[in-house]
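Trainee: Structure supplied as query.pdb; contents: PDB, C-alpha atoms, pLDDT in the B column.
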ATOM      1  CA  ARG A   1     -14.161  -3.489 -26.070  1.00 64.00           C
ATOM      2  CA  MET A   2     -15.465  -2.601 -22.655  1.00 65.00           C
ATOM      3  CA  ASN A   3     -19.136  -2.432 -21.957  1.00 79.00           C
ATOM      4  CA  THR A   4     -20.658   0.472 -20.038  1.00 79.00           C
ATOM      5  CA  SER A   5     -20.862  -1.469 -16.788  1.00 83.00           C
ATOM      6  CA  SER A   6     -17.132  -2.321 -16.867  1.00 85.00           C
ATOM      7  CA  ARG A   7     -16.244   1.257 -17.741  1.00 88.00           C
ATOM      8  CA  ASN A   8     -18.360   2.569 -14.843  1.00 92.00           C
ATOM      9  CA  THR A   9     -16.674   0.130 -12.474  1.00 93.00           C
ATOM     10  CA  LEU A  10     -13.247   1.356 -13.580  1.00 94.00           C
ATOM     11  CA  TRP A  11     -14.372   4.959 -13.118  1.00 95.00           C
ATOM     12  CA  LEU A  12     -15.546   4.165  -9.583  1.00 97.00           C
ATOM     13  CA  ALA A  13     -12.192   2.558  -8.763  1.00 97.00           C
ATOM     14  CA  ALA A  14     -10.311   5.544 -10.192  1.00 97.00           C
ATOM     15  CA  LEU A  15     -12.568   8.001  -8.331  1.00 98.00           C
ATOM     16  CA  LEU A  16     -11.954   6.155  -5.078  1.00 98.00           C
ATOM     17  CA  GLY A  17      -8.194   6.106  -5.640  1.00 98.00           C
ATOM     18  CA  LEU A  18      -8.105   9.822  -6.477  1.00 98.00           C
ATOM     19  CA  ALA A  19     -10.330  10.762  -3.529  1.00 98.00           C
ATOM     20  CA  THR A  20      -8.157   8.730  -1.169  1.00 98.00           C
ATOM     21  CA  PHE A  21      -4.971  10.264  -2.530  1.00 98.00           C
ATOM     22  CA  ALA A  22      -6.454  13.775  -2.327  1.00 98.00           C
ATOM     23  CA  LEU A  23      -7.695  13.336   1.233  1.00 98.00           C
ATOM     24  CA  PHE A  24      -4.336  12.062   2.478  1.00 98.00           C
ATOM     25  CA  SER A  25      -2.192  14.378   0.318  1.00 98.00           C
ATOM     26  CA  PRO A  26      -1.607  16.895   3.152  1.00 97.00           C
ATOM     27  CA  ALA A  27       0.744  14.266   4.583  1.00 97.00           C
ATOM     28  CA  LEU A  28       3.077  15.016   1.670  1.00 97.00           C
ATOM     29  CA  ARG A  29       4.015  18.291   3.395  1.00 97.00           C
ATOM     30  CA  HIS A  30       4.745  16.649   6.756  1.00 96.00           C
ATOM     31  CA  GLN A  31       8.162  16.153   8.232  1.00 96.00           C
ATOM     32  CA  TYR A  32       9.397  13.029   9.971  1.00 96.00           C
ATOM     33  CA  VAL A  33       7.415  11.919  13.034  1.00 92.00           C
ATOM     34  CA  ASP A  34       9.705  12.205  16.045  1.00 88.00           C
ATOM     35  CA  ILE A  35       8.867   8.742  17.340  1.00 89.00           C
ATOM     36  CA  ASP A  36      10.839   6.545  14.938  1.00 92.00           C
ATOM     37  CA  ASP A  37      10.622   7.823  11.359  1.00 95.00           C
ATOM     38  CA  VAL A  38      14.208   9.082  11.475  1.00 95.00           C
ATOM     39  CA  GLN A  39      15.530   5.768  12.815  1.00 94.00           C
ATOM     40  CA  TYR A  40      13.766   3.871  10.032  1.00 94.00           C
ATOM     41  CA  THR A  41      14.983   6.167   7.266  1.00 95.00           C
ATOM     42  CA  VAL A  42      17.855   8.639   7.437  1.00 95.00           C
ATOM     43  CA  GLU A  43      19.584   6.990  10.410  1.00 95.00           C
ATOM     44  CA  THR A  44      19.683   3.581   8.710  1.00 95.00           C
ATOM     45  CA  PRO A  45      22.720   3.594   6.396  1.00 97.00           C
ATOM     46  CA  GLN A  46      21.321   0.818   4.190  1.00 97.00           C
ATOM     47  CA  VAL A  47      18.134   2.817   3.560  1.00 97.00           C
ATOM     48  CA  VAL A  48      20.061   5.991   2.788  1.00 97.00           C
ATOM     49  CA  GLY A  49      22.320   3.949   0.492  1.00 97.00           C
ATOM     50  CA  GLY A  50      19.328   3.079  -1.661  1.00 97.00           C
ATOM     51  CA  LEU A  51      18.684  -0.066  -3.631  1.00 97.00           C
ATOM     52  CA  SER A  52      21.743  -2.222  -4.125  1.00 97.00           C
ATOM     53  CA  LEU A  53      22.389  -5.940  -3.990  1.00 98.00           C
ATOM     54  CA  ALA A  54      24.263  -5.561  -0.691  1.00 98.00           C
ATOM     55  CA  ASN A  55      21.439  -3.542   0.870  1.00 98.00           C
ATOM     56  CA  VAL A  56      18.755  -5.970  -0.329  1.00 98.00           C
ATOM     57  CA  ARG A  57      20.818  -8.827   1.115  1.00 98.00           C
ATOM     58  CA  TRP A  58      20.985  -6.871   4.397  1.00 97.00           C
ATOM     59  CA  ALA A  59      17.190  -6.468   4.360  1.00 97.00           C
ATOM     60  CA  PHE A  60      16.677 -10.231   4.095  1.00 97.00           C
ATOM     61  CA  THR A  61      19.310 -11.191   6.672  1.00 96.00           C
ATOM     62  CA  THR A  62      18.896  -8.619   9.442  1.00 94.00           C
ATOM     63  CA  VAL A  63      16.465  -7.853  12.240  1.00 94.00           C
ATOM     64  CA  HIS A  64      16.604  -4.071  12.455  1.00 89.00           C
ATOM     65  CA  GLU A  65      14.628  -1.803  14.794  1.00 83.00           C
ATOM     66  CA  SER A  66      13.213  -5.013  16.327  1.00 86.00           C
ATOM     67  CA  TRP A  67      11.573  -6.065  13.050  1.00 85.00           C
ATOM     68  CA  TYR A  68      12.336  -8.615  10.389  1.00 93.00           C
ATOM     69  CA  SER A  69      10.645  -6.789   7.517  1.00 95.00           C
ATOM     70  CA  PRO A  70      12.660  -7.131   4.323  1.00 97.00           C
ATOM     71  CA  LEU A  71       9.968  -5.673   2.051  1.00 97.00           C
ATOM     72  CA  LEU A  72       9.602  -2.664   4.331  1.00 97.00           C
ATOM     73  CA  TRP A  73      13.321  -1.958   4.181  1.00 97.00           C
ATOM     74  CA  ILE A  74      13.461  -2.523   0.426  1.00 98.00           C
ATOM     75  CA  SER A  75      10.548  -0.116  -0.088  1.00 98.00           C
ATOM     76  CA  PHE A  76      12.354   2.499   2.013  1.00 98.00           C
ATOM     77  CA  MET A  77      15.525   1.900  -0.021  1.00 98.00           C
ATOM     78  CA  ALA A  78      13.550   2.414  -3.232  1.00 98.00           C
ATOM     79  CA  ASP A  79      12.158   5.695  -1.889  1.00 98.00           C
ATOM     80  CA  SER A  80      15.634   6.831  -0.937  1.00 98.00           C
ATOM     81  CA  SER A  81      16.947   5.938  -4.400  1.00 98.00           C
ATOM     82  CA  ILE A  82      14.109   7.730  -6.189  1.00 98.00           C
ATOM     83  CA  PHE A  83      13.385  10.732  -3.947  1.00 97.00           C
ATOM     84  CA  GLY A  84      16.453  11.134  -1.750  1.00 96.00           C
ATOM     85  CA  PRO A  85      16.422  11.491   2.039  1.00 94.00           C
ATOM     86  CA  ALA A  86      13.618  14.088   2.327  1.00 96.00           C
ATOM     87  CA  PRO A  87      10.381  12.932   3.989  1.00 98.00           C
ATOM     88  CA  PHE A  88       8.267  13.772   0.902  1.00 98.00           C
ATOM     89  CA  GLY A  89       9.127  10.560  -0.958  1.00 98.00           C
ATOM     90  CA  TYR A  90       8.337   8.317   1.985  1.00 98.00           C
ATOM     91  CA  HIS A  91       5.010  10.070   2.565  1.00 98.00           C
ATOM     92  CA  PHE A  92       4.211   9.983  -1.159  1.00 98.00           C
ATOM     93  CA  THR A  93       4.716   6.220  -1.270  1.00 98.00           C
ATOM     94  CA  ASN A  94       2.548   5.685   1.820  1.00 98.00           C
ATOM     95  CA  VAL A  95      -0.290   7.762   0.348  1.00 98.00           C
ATOM     96  CA  LEU A  96       0.053   6.031  -3.019  1.00 98.00           C
ATOM     97  CA  LEU A  97       0.006   2.578  -1.397  1.00 98.00           C
ATOM     98  CA  HIS A  98      -3.089   3.494   0.614  1.00 98.00           C
ATOM     99  CA  ALA A  99      -4.877   4.725  -2.529  1.00 98.00           C
ATOM    100  CA  ALA A 100      -3.924   1.474  -4.276  1.00 98.00           C
ATOM    101  CA  ASN A 101      -5.264  -0.498  -1.298  1.00 98.00           C
ATOM    102  CA  ALA A 102      -8.548   1.403  -1.504  1.00 98.00           C
ATOM    103  CA  MET A 103      -8.910   0.491  -5.174  1.00 98.00           C
ATOM    104  CA  LEU A 104      -7.964  -3.135  -4.500  1.00 98.00           C
ATOM    105  CA  LEU A 105     -10.523  -3.362  -1.689  1.00 98.00           C
ATOM    106  CA  PHE A 106     -13.173  -1.915  -4.009  1.00 98.00           C
ATOM    107  CA  TRP A 107     -12.223  -4.443  -6.687  1.00 97.00           C
ATOM    108  CA  LEU A 108     -12.324  -7.324  -4.202  1.00 97.00           C
ATOM    109  CA  LEU A 109     -15.731  -6.317  -2.836  1.00 97.00           C
ATOM    110  CA  PHE A 110     -17.061  -5.816  -6.347  1.00 96.00           C
ATOM    111  CA  ARG A 111     -15.830  -9.260  -7.417  1.00 94.00           C
ATOM    112  CA  LEU A 112     -17.357 -10.880  -4.338  1.00 95.00           C
ATOM    113  CA  PHE A 113     -20.761  -9.182  -4.334  1.00 95.00           C
ATOM    114  CA  HIS A 114     -21.256  -7.796  -7.881  1.00 94.00           C
ATOM    115  CA  ALA A 115     -22.677  -4.571  -6.433  1.00 95.00           C
ATOM    116  CA  PRO A 116     -20.481  -1.685  -7.620  1.00 95.00           C
ATOM    117  CA  LEU A 117     -22.053   1.090  -5.560  1.00 96.00           C
ATOM    118  CA  ALA A 118     -22.087  -0.961  -2.360  1.00 97.00           C
ATOM    119  CA  ALA A 119     -18.460  -1.963  -2.975  1.00 97.00           C
ATOM    120  CA  PHE A 120     -17.557   1.670  -3.635  1.00 98.00           C
ATOM    121  CA  PHE A 121     -19.143   2.979  -0.445  1.00 97.00           C
ATOM    122  CA  ALA A 122     -17.749   0.169   1.729  1.00 98.00           C
ATOM    123  CA  ALA A 123     -14.238   0.669   0.333  1.00 98.00           C
ATOM    124  CA  ALA A 124     -14.593   4.451   0.662  1.00 98.00           C
ATOM    125  CA  LEU A 125     -15.646   4.123   4.294  1.00 98.00           C
ATOM    126  CA  TRP A 126     -12.560   2.024   4.990  1.00 97.00           C
ATOM    127  CA  ALA A 127     -10.177   4.176   2.914  1.00 97.00           C
ATOM    128  CA  LEU A 128     -11.333   7.601   4.054  1.00 97.00           C
ATOM    129  CA  HIS A 129     -11.916   6.795   7.718  1.00 96.00           C
ATOM    130  CA  SER A 130      -9.757   8.643  10.231  1.00 93.00           C
ATOM    131  CA  LEU A 131      -8.430   5.344  11.609  1.00 89.00           C
ATOM    132  CA  ARG A 132      -6.243   5.102   8.499  1.00 93.00           C
ATOM    133  CA  VAL A 133      -4.375   8.349   9.215  1.00 94.00           C
ATOM    134  CA  GLU A 134      -1.748   6.814  11.485  1.00 93.00           C
ATOM    135  CA  SER A 135      -0.813   4.116   8.994  1.00 94.00           C
ATOM    136  CA  VAL A 136      -0.560   6.571   6.117  1.00 96.00           C
ATOM    137  CA  ALA A 137       0.923   9.717   7.671  1.00 96.00           C
ATOM    138  CA  TRP A 138       3.507   7.976   9.870  1.00 96.00           C
ATOM    139  CA  ILE A 139       6.384   6.808   7.681  1.00 97.00           C
ATOM    140  CA  ALA A 140       7.448   4.011  10.033  1.00 95.00           C
ATOM    141  CA  GLU A 141       3.937   2.564   9.849  1.00 95.00           C
ATOM    142  CA  ARG A 142       4.383   1.618   6.214  1.00 96.00           C
ATOM    143  CA  LYS A 143       4.252  -1.922   7.574  1.00 95.00           C
ATOM    144  CA  ALA A 144       0.470  -1.529   7.770  1.00 96.00           C
ATOM    145  CA  VAL A 145      -0.083  -0.294   4.218  1.00 97.00           C
ATOM    146  CA  LEU A 146       2.322  -2.888   2.798  1.00 97.00           C
ATOM    147  CA  SER A 147       0.604  -5.651   4.774  1.00 97.00           C
ATOM    148  CA  GLY A 148      -2.748  -4.428   3.488  1.00 97.00           C
ATOM    149  CA  LEU A 149      -1.479  -4.449  -0.091  1.00 98.00           C
ATOM    150  CA  PHE A 150      -0.199  -8.010   0.079  1.00 98.00           C
ATOM    151  CA  PHE A 151      -3.273  -9.224   1.973  1.00 98.00           C
ATOM    152  CA  LEU A 152      -5.623  -7.814  -0.677  1.00 98.00           C
ATOM    153  CA  LEU A 153      -3.485  -9.175  -3.515  1.00 98.00           C
ATOM    154  CA  ALA A 154      -3.435 -12.612  -1.853  1.00 98.00           C
ATOM    155  CA  VAL A 155      -7.222 -12.651  -1.412  1.00 98.00           C
ATOM    156  CA  LEU A 156      -7.718 -11.570  -5.024  1.00 96.00           C
ATOM    157  CA  ALA A 157      -5.306 -14.294  -6.179  1.00 95.00           C
ATOM    158  CA  TYR A 158      -7.222 -16.884  -4.157  1.00 95.00           C
ATOM    159  CA  LEU A 159     -10.521 -15.616  -5.548  1.00 95.00           C
ATOM    160  CA  ARG A 160      -9.203 -16.039  -9.074  1.00 92.00           C
ATOM    161  CA  TYR A 161      -7.975 -19.529  -8.214  1.00 91.00           C
ATOM    162  CA  ALA A 162     -11.349 -20.450  -6.675  1.00 91.00           C
ATOM    163  CA  GLU A 163     -13.224 -19.187  -9.740  1.00 88.00           C
ATOM    164  CA  ARG A 164     -10.957 -20.988 -12.229  1.00 86.00           C
ATOM    165  CA  PRO A 165      -9.065 -23.786 -10.497  1.00 81.00           C
ATOM    166  CA  PRO A 166      -6.335 -25.502 -12.486  1.00 79.00           C
ATOM    167  CA  ARG A 167      -7.028 -29.028 -13.728  1.00 77.00           C
ATOM    168  CA  PRO A 168      -4.606 -30.926 -11.490  1.00 73.00           C
ATOM    169  CA  ARG A 169      -5.362 -30.163  -7.860  1.00 58.00           C
TER     170      ARG A 169
END
Produce structure tokens that represent the structure in this file.

Mentor:
Amino acid sequence: RMNTSSRNTLWLAALLGLATFALFSPALRHQYVDIDDVQYTVETPQVVGGLSLANVRWAFTTVHESWYSPLLWISFMADSSIFGPAPFGYHFTNVLLHAANAMLLFWLLFRLFHAPLAAFFAAALWALHSLRVESVAWIAERKAVLSGLFFLLAVLAYLRYAERPPRPR
């Protein structure tokens, strides 16, 4: 059973995730950005082809659009498989990833400082700040939200390791 403090912390995380998603949800109605969204998505045959073993192999063995970013390409392939070629699915995933990052940042700050309200407001300032718009609303900038996700997960994994190290070091 959860105590009241844990329940309140979960509510704060959920509130932050919902607020972040709501604030960035207008991006769901946007089209492709004319800079390079089209090149990253509908003009890349492997992305349009969706998730397949051959396309995943391509993602890990190719430098495309000057980037070696296999997880980026695989995430675009997943969007194409689930949502089709329309920009909505790509924007939806970016907004969802940013909301997840906001909740992960809140959780990390809470675990580090044990101050739920301070962690909430710090994470909210980061998540809702206008500097995040480019990374969330520009499909090709998914690199930033994916990097943020894996950075936060890595720091949380290290924090868990540091709190409970395994016997053999």

Trainee: Please indicate the distance in Å from atom CA of Val136 of chain A to atom CA of Ala157 of chain A, rounded to one decimal place.

Mentor: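 For atom CA of Val136 of chain A relative to atom CA of Ala157 of chain A, the distance reads 24.7 Å.
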
Trainee: Compare A:Ala19, A:Ala144, A:Ala162, A:Ile139 by their minimum atom-to-atom distance to Val38 of chain A, counting all atoms listed in the file, and give me the closest one.

Mentor: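 Once distances to Val38 of chain A are computed over all atoms listed in the file, the minimum belongs to A:Ile139.
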
Trainee: When the PyMOL selection byres ((chain A and resi 65) around 8) is applied to the structure above, which residues does it catch, written out as a VMD selection string?

Mentor: chain A and resid 39 to 40 63 to 64 66 to 67

Trainee: Could you save those same residues with C-alpha atoms as a PDB file, in the frame of the given file?

Mentor:
ATOM      1  CA  GLN A  39      15.530   5.768  12.815  1.00 94.00           C
ATOM      2  CA  TYR A  40      13.766   3.871  10.032  1.00 94.00           C
ATOM      3  CA  VAL A  63      16.465  -7.853  12.240  1.00 94.00           C
ATOM      4  CA  HIS A  64      16.604  -4.071  12.455  1.00 89.00           C
ATOM      5  CA  SER A  66      13.213  -5.013  16.327  1.00 86.00           C
ATOM      6  CA  TRP A  67      11.573  -6.065  13.050  1.00 85.00           C
TER       7      TRP A  67
END

Trainee: If I take atom CA of Asn55 of chain A and atom CA of Trp73 of chain A, how far is one from the other in Å, to one decimal?

Mentor: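 Distance between the two atoms: 8.9 Å.
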
Trainee: Exactly which residues make up the result of the PyMOL selection byres ((chain A and resi 140) around 8) on this file, given as a list in words?

Mentor: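 Going through the file, the PyMOL selection byres ((chain A and resi 140) around 8) ends up selecting Asp36, Asp37, Tyr40, Trp138, Ile139, Glu141, Arg142 and Lys143 of chain A.
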
Trainee: Between atom CA of Leu125 of chain A and atom CA of Arg7 of chain A, what distance in Å does the model show, to one decimal?

Mentor: 22.2 Å

Trainee: Closest to Glu43 of chain A among A:Arg167, A:Leu71, A:Pro85, A:Ala102, using only C-alpha atoms?

Mentor: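 Checking each of A:Arg167, A:Leu71, A:Pro85, A:Ala102 against Glu43 of chain A, counting only C-alpha atoms, the winner is A:Pro85.
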
Trainee: Would you mind telling me which residue in A:Ala27, A:Arg111, A:Leu128, A:Val33 lies nearest to Arg160 of chain A when using only C-alpha atoms?

Mentor: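 Among A:Ala27, A:Arg111, A:Leu128, A:Val33, it is A:Arg111 that comes nearest to Arg160 of chain A.
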
Trainee: Nearest to Phe88 of chain A: which of A:Ala22, A:Leu153, A:Ala137, A:Ala14 is it, counting all atoms listed in the file?

Mentor: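 Once distances to Phe88 of chain A are computed over all atoms listed in the file, the minimum belongs to A:Ala137.
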
Trainee: Work out where the centre of an axis-aligned box around every listed atom of segment 115-118 of chain A lies and how long its edges are once 8 Å is added on each side; give both in Å to one decimal as lines of an AutoDock Vina configuration file.

Mentor:
center_x = -21.6
center_y = -1.7
center_z = -5.0
size_x = 18.2
size_y = 21.7
size_z = 21.3

Trainee: With distances taken over only C-alpha atoms, which residue among A:Leu152, A:Leu23, A:Val95, A:Leu72 lies nearest His129 of chain A?

Mentor: A:Leu23

Trainee: Could you tell me which residues the PyMOL selection byres ((chain A and resi 80) around 9) grabs in this file, written as a PyMOL selection string?

Mentor: chain A and resi 41-42+47-51+75-79+81-86+89-90
